[in-house]
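Below is one structure, written out as structure tokens, with a few remarks after it.
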Amino acid sequence: MNERILITGGAGFIGANLAAALVKQPATDVVVLDDFSFGSWKNLLHVDCEVRAGSIADAELHAEIASGAFSSIFHEGAISDTTVLDQRLMLDINTNAFAAMLEASAASGTRMIYASSAATYGNAAAPNTVGGKEEAANIYGFSKLSMDRIARRWYDRHPSVIIGLRYFNVYGPGEAHKGSTASMMLQLYNQIMAGKQPRLFKHGEQMRDFVYIRDVIDANLAALKAPRSGVCNVGSGKARCFNDVVMNLEVQLDRKLDVEYFDNPFDFYQNHTEAEMDATRELLDWSPAWDLEKGMAEYIALLQKDINEPIEAIA
Ligand SMILES: NC(=O)c1ccc[n+]([C@@H]2O[C@H](COP(=O)([O-])OP(=O)(O)OC[C@H]3O[C@@H](n4cnc5c(N)ncnc54)[C@H](O)[C@@H]3O)[C@@H](O)[C@H]2O)c1
């Protein structure tokens, strides 16, 4: 019998990339569920899967999961915009709906792989370690930390495996719909193509662990085989600064760029994120393979050809 895999948030950046990769696996049927509040149908144009418009909060979905309709779940559906400040809304969608899905998956013993976030760490000192300092500094980060805490309470009671993946700053094809919440790789590229100066918060020295979408897909596929439950980081394992992103754009576009630095308007801003990856290697038996130079070389080359759809959907 075929595997039947549910991907929530499957019209979004990471969900659609996962769907495009999974439909290529043998004996695998993919069901994408999205409420299309933010993701785009365009991400699924070349992905042959079953698409459903619906919410992760729907009781009918939870009943279907509890009945054992799916062999595994990749839960990517969420409010992914870290600047949303409505606490009730954020917790309703990100945390409560996840809790209900987890309970349903426990009833049927369905493996649950879900998206957590580096935002759980806030401005805790890097490198960021699961179970180390988790200082979420906005409601988005708190909603994800709450998901991890709920998941842990289920580890011993869940007949299958629950894996939380704390994604760091993901970039790559399929994120065009994200606008001002897309990666800085895409935002800076778009500014340059519009004939504008690339803009960065003063002085571009803030550090981020940028992780390429191919590594994120591979980490998820590894989580399908992980033998036990856990939460782990999904980053490149190295922090780089925003000036390094511009430097890579200069190399790829073969031109000198004059950056306009401006004041950061946010009172909260992560200054340095860096994923500790030993625990990830141990849990997933997987390590990242794409550094910033390699990831940006592939991504920018695709953007220059006007291609911005999930990487495995590109013909
Ligand atoms: N992209 C990153 O750098 C990053 C980093 C850390 C964590 N994450 C997490 O990874 C997951 C995927 O992120 P993404 O970058 O693909 O974001 P995205 O916004 O592109 O995808 C999220 C999808 O969820 C859908 N959605 C929102 N509310 C829903 C609901 N109530 N029911 C059904 N679908 C709903 C949206 O329409 C969207 O298609 C999210 O949980 C996000 O918080 C992403």
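By order of appearance in the structure tokens: chains A, B, ..., then residues from 1 within every chain, and ligands from 1 in the order shown.
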
(Q) as a PyMOL selection string, please: every protein or nucleic acid residue near ligand 1 (cut-off 8 Å, counting only C-alpha atoms and all ligand atoms). (A) chain A and resi 8-16+33-40+53-57+75-81+93-94+97+114-119+140+144+166-171+175+177-178+182-183

Q) Using only C-alpha atoms, which residue out of A:Val84, A:Ile311, A:Ala59, A:Cys49 lies closest to A:Thr181? A) A:Val84

Q: Using only C-alpha atoms, pick whichever of A:Phe242, A:Trp154, A:Phe142, A:Tyr212 has the shortest atom-to-atom distance to A:Gln187.
A: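 Checking each candidate against A:Gln187, we get A:Phe242 as the closest.
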
(Q) Can you tell me which residues surround A:Leu221 at a distance of at most 12 Å, considering only C-alpha atoms, apart from same-chain residues fewer than 2 positions away, and format the answer as a PyMOL selection string? (A) chain A and resi 5+17-19+21-22+25+72-74+113+163+165+214-219+223-226+284-286

Could you save those same residues with N, CA and C atoms as a PDB file, in the first residue's frame?
```pdb
ATOM      1  N   ILE A   5       0.886  10.797   2.803  1.00  0.00           N
ATOM      2  CA  ILE A   5       1.522  11.797   3.668  1.00  0.00           C
ATOM      3  C   ILE A   5       0.768  13.118   3.623  1.00  0.00           C
ATOM      4  N   ASN A  17       7.911  22.895  -1.014  1.00  0.00           N
ATOM      5  CA  ASN A  17       9.179  22.245  -1.357  1.00  0.00           C
ATOM      6  C   ASN A  17       9.188  20.785  -0.908  1.00  0.00           C
ATOM      7  N   LEU A  18       8.609  20.556   0.268  1.00  0.00           N
ATOM      8  CA  LEU A  18       8.523  19.178   0.766  1.00  0.00           C
ATOM      9  C   LEU A  18       7.595  18.349  -0.121  1.00  0.00           C
ATOM     10  N   ALA A  19       6.461  18.938  -0.495  1.00  0.00           N
ATOM     11  CA  ALA A  19       5.497  18.226  -1.346  1.00  0.00           C
ATOM     12  C   ALA A  19       6.154  17.853  -2.673  1.00  0.00           C
ATOM     13  N   ALA A  21       9.242  17.343  -3.289  1.00  0.00           N
ATOM     14  CA  ALA A  21      10.226  16.269  -3.094  1.00  0.00           C
ATOM     15  C   ALA A  21       9.527  14.941  -2.832  1.00  0.00           C
ATOM     16  N   LEU A  22       8.458  14.962  -2.032  1.00  0.00           N
ATOM     17  CA  LEU A  22       7.818  13.698  -1.630  1.00  0.00           C
ATOM     18  C   LEU A  22       7.051  13.034  -2.766  1.00  0.00           C
ATOM     19  N   GLN A  25       8.954  10.409  -4.523  1.00  0.00           N
ATOM     20  CA  GLN A  25       9.335   9.158  -3.855  1.00  0.00           C
ATOM     21  C   GLN A  25       8.397   8.038  -4.308  1.00  0.00           C
ATOM     22  N   SER A  72       2.083   9.540   7.729  1.00  0.00           N
ATOM     23  CA  SER A  72       2.944  10.516   8.424  1.00  0.00           C
ATOM     24  C   SER A  72       2.401  11.917   8.157  1.00  0.00           C
ATOM     25  N   ILE A  73       2.769  12.831   9.051  1.00  0.00           N
ATOM     26  CA  ILE A  73       2.339  14.227   8.884  1.00  0.00           C
ATOM     27  C   ILE A  73       3.554  15.143   8.946  1.00  0.00           C
ATOM     28  N   PHE A  74       3.633  16.046   7.979  1.00  0.00           N
ATOM     29  CA  PHE A  74       4.584  17.156   8.071  1.00  0.00           C
ATOM     30  C   PHE A  74       3.750  18.406   8.349  1.00  0.00           C
ATOM     31  N   ILE A 113       5.931  15.190  12.222  1.00  0.00           N
ATOM     32  CA  ILE A 113       7.148  15.990  12.076  1.00  0.00           C
ATOM     33  C   ILE A 113       6.675  17.431  11.913  1.00  0.00           C
ATOM     34  N   ILE A 163       8.760  14.596  15.945  1.00  0.00           N
ATOM     35  CA  ILE A 163      10.037  15.320  15.744  1.00  0.00           C
ATOM     36  C   ILE A 163       9.737  16.795  15.503  1.00  0.00           C
ATOM     37  N   LEU A 165      11.383  20.325  14.360  1.00  0.00           N
ATOM     38  CA  LEU A 165      12.569  20.829  13.657  1.00  0.00           C
ATOM     39  C   LEU A 165      12.632  22.345  13.831  1.00  0.00           C
ATOM     40  N   ARG A 214      17.300  23.067   0.293  1.00  0.00           N
ATOM     41  CA  ARG A 214      17.608  21.638   0.032  1.00  0.00           C
ATOM     42  C   ARG A 214      17.977  20.920   1.324  1.00  0.00           C
ATOM     43  N   ASP A 215      18.696  21.611   2.209  1.00  0.00           N
ATOM     44  CA  ASP A 215      19.033  20.997   3.496  1.00  0.00           C
ATOM     45  C   ASP A 215      17.785  20.811   4.354  1.00  0.00           C
ATOM     46  N   VAL A 216      16.865  21.769   4.271  1.00  0.00           N
ATOM     47  CA  VAL A 216      15.631  21.673   5.071  1.00  0.00           C
ATOM     48  C   VAL A 216      14.788  20.485   4.592  1.00  0.00           C
ATOM     49  N   ILE A 217      14.710  20.302   3.289  1.00  0.00           N
ATOM     50  CA  ILE A 217      13.978  19.141   2.746  1.00  0.00           C
ATOM     51  C   ILE A 217      14.638  17.854   3.251  1.00  0.00           C
ATOM     52  N   ASP A 218      15.965  17.796   3.150  1.00  0.00           N
ATOM     53  CA  ASP A 218      16.669  16.563   3.535  1.00  0.00           C
ATOM     54  C   ASP A 218      16.521  16.267   5.030  1.00  0.00           C
ATOM     55  N   ALA A 219      16.513  17.325   5.840  1.00  0.00           N
ATOM     56  CA  ALA A 219      16.327  17.113   7.286  1.00  0.00           C
ATOM     57  C   ALA A 219      14.945  16.514   7.550  1.00  0.00           C
ATOM     58  N   ALA A 223      13.904  12.911   9.099  1.00  0.00           N
ATOM     59  CA  ALA A 223      13.007  12.797  10.263  1.00  0.00           C
ATOM     60  C   ALA A 223      11.961  11.694  10.062  1.00  0.00           C
ATOM     61  N   LEU A 224      11.703  11.346   8.812  1.00  0.00           N
ATOM     62  CA  LEU A 224      10.760  10.245   8.528  1.00  0.00           C
ATOM     63  C   LEU A 224      11.297   8.920   9.053  1.00  0.00           C
ATOM     64  N   LYS A 225      12.634   8.847   9.178  1.00  0.00           N
ATOM     65  CA  LYS A 225      13.249   7.567   9.591  1.00  0.00           C
ATOM     66  C   LYS A 225      13.782   7.608  11.010  1.00  0.00           C
ATOM     67  N   ALA A 226      13.728   8.779  11.658  1.00  0.00           N
ATOM     68  CA  ALA A 226      14.326   8.890  13.003  1.00  0.00           C
ATOM     69  C   ALA A 226      13.679   7.891  13.958  1.00  0.00           C
ATOM     70  N   LEU A 284      18.774  12.720  13.891  1.00  0.00           N
ATOM     71  CA  LEU A 284      18.327  12.496  12.501  1.00  0.00           C
ATOM     72  C   LEU A 284      19.332  11.714  11.654  1.00  0.00           C
ATOM     73  N   ASP A 285      20.541  11.544  12.179  1.00  0.00           N
ATOM     74  CA  ASP A 285      21.601  10.942  11.375  1.00  0.00           C
ATOM     75  C   ASP A 285      21.763  11.718  10.055  1.00  0.00           C
ATOM     76  N   TRP A 286      21.791  13.021  10.194  1.00  0.00           N
ATOM     77  CA  TRP A 286      21.840  13.904   9.024  1.00  0.00           C
ATOM     78  C   TRP A 286      22.646  15.153   9.361  1.00  0.00           C
TER      79      TRP A 286
END
```
